[in-house]
Amino acid sequence: ILGCTALDVADDIEALSCAGLLAENREGIRIYPDLFSDAVLLDACLDSSGHESFLYKTIVEKLPATDFPALLRNLAQADWEARTRRGSRNSFFDPVWTEFARRFQDANWWDREKMLRQWAPFAPFQPERTLELARLAINALEPRRRRNDVEAGASCGDQSYMLKALPPVLKPLIMWHPDQSNQALDILWAQESDRPQQNNKS
């Protein structure tokens, strides 16, 4: 992405590993410990004037959320830190959210349910967009059948299947964000009143 050679990257990874600053998990290699990782991420996203850095812009442009799902979680947290602790007025999560919302609207019911579950772990860092996502889910139109779905005779589920993933997405807002908790509860209450029999089954 940045024009580095594979040997340069390998040398940097080796140096970090020797210093005990790398951890490996099922998602790959990451900087460790978490507080250090968060600080590095935030510093990498912002320049000296508090605006989006060149590195951030390059990564978002070259490595979109469709190819790197962890980007969503990492940038959601860094964006929250920048706005709440550093007073940044700009949200550098905007382009990532725009892409996520576009994919959500284009997806079938099953994929939308998967995307809601993907969003849930970092919902506390994006309370306003979490409410927006919940409304997108509730008002989602019937997905267009893709050619390979039709040829395979595949079912894409239904809206009630997708909406089962909504409570875990909104729960962090109810617990940690009093300014958004009433709206989250209203959404959940509306879903309960609209589909009481289906909800009782689940």
# chains A, B, ... in the order shown; residues from 1 in each chain; ligands from 1
$ select_by_dssp --residues "range 1-73 of chain A" --states "helix (DSSP H, G or I)" --output "VMD selection string"
chain A and resid 6 to 18 34 to 45 54 to 62 70 to 73
$ residues_around --residues "Leu55 in chain A" --least-positions-apart "2" --cutoff "8 Å" --atoms "only C-alpha atoms" --output "mmCIF file with N, CA, C and O atoms, in the first residue's frame"
data_model
loop_
_atom_site.group_PDB
_atom_site.id
_atom_site.type_symbol
_atom_site.label_atom_id
_atom_site.label_comp_id
_atom_site.auth_asym_id
_atom_site.auth_seq_id
_atom_site.Cartn_x
_atom_site.Cartn_y
_atom_site.Cartn_z
ATOM 1 N N ALA A 44 -1.607 7.362 14.009
ATOM 2 C CA ALA A 44 -1.485 7.098 12.577
ATOM 3 C C ALA A 44 -2.636 7.719 11.788
ATOM 4 O O ALA A 44 -2.485 8.057 10.614
ATOM 5 N N CYS A 45 -3.780 7.881 12.430
ATOM 6 C CA CYS A 45 -4.958 8.400 11.735
ATOM 7 C C CYS A 45 -4.982 9.924 11.656
ATOM 8 O O CYS A 45 -5.640 10.487 10.787
ATOM 9 N N SER A 53 -4.707 11.897 8.474
ATOM 10 C CA SER A 53 -3.333 11.813 7.989
ATOM 11 C C SER A 53 -3.288 11.234 6.575
ATOM 12 O O SER A 53 -4.241 10.614 6.101
ATOM 13 N N LYS A 57 -5.698 8.244 4.833
ATOM 14 C CA LYS A 57 -6.365 8.403 3.536
ATOM 15 C C LYS A 57 -5.923 7.325 2.568
ATOM 16 O O LYS A 57 -6.744 6.787 1.802
ATOM 17 N N THR A 58 -4.648 6.979 2.608
ATOM 18 C CA THR A 58 -4.138 5.951 1.703
ATOM 19 C C THR A 58 -4.731 4.587 2.027
ATOM 20 O O THR A 58 -5.142 3.840 1.138
ATOM 21 N N ILE A 59 -4.788 4.260 3.322
ATOM 22 C CA ILE A 59 -5.319 2.957 3.728
ATOM 23 C C ILE A 59 -6.796 2.826 3.376
ATOM 24 O O ILE A 59 -7.236 1.801 2.849
#
$ closest_residue --among "A:Ala120, A:Leu141, A:Ala82, A:Ala134" --to "Asp106 in chain A" --atoms "only C-alpha atoms"
A:Leu141
$ select_by_dssp --residues "range 1-201 of chain A" --states "strand (DSSP E)" --output "ChimeraX atom specification"
/A:22-25,28-31
$ residues_around --residues "range 173-188 of chain A" --least-positions-apart "4" --cutoff "12 Å" --atoms "only C-alpha atoms" --output "MDAnalysis selection string"
chainID A and resid 120:139 163:169 192:196 199
$ atom_distance --atom1 "CA of Ser91 in chain A" --atom2 "CA of Ala78 in chain A"
9.8 Å
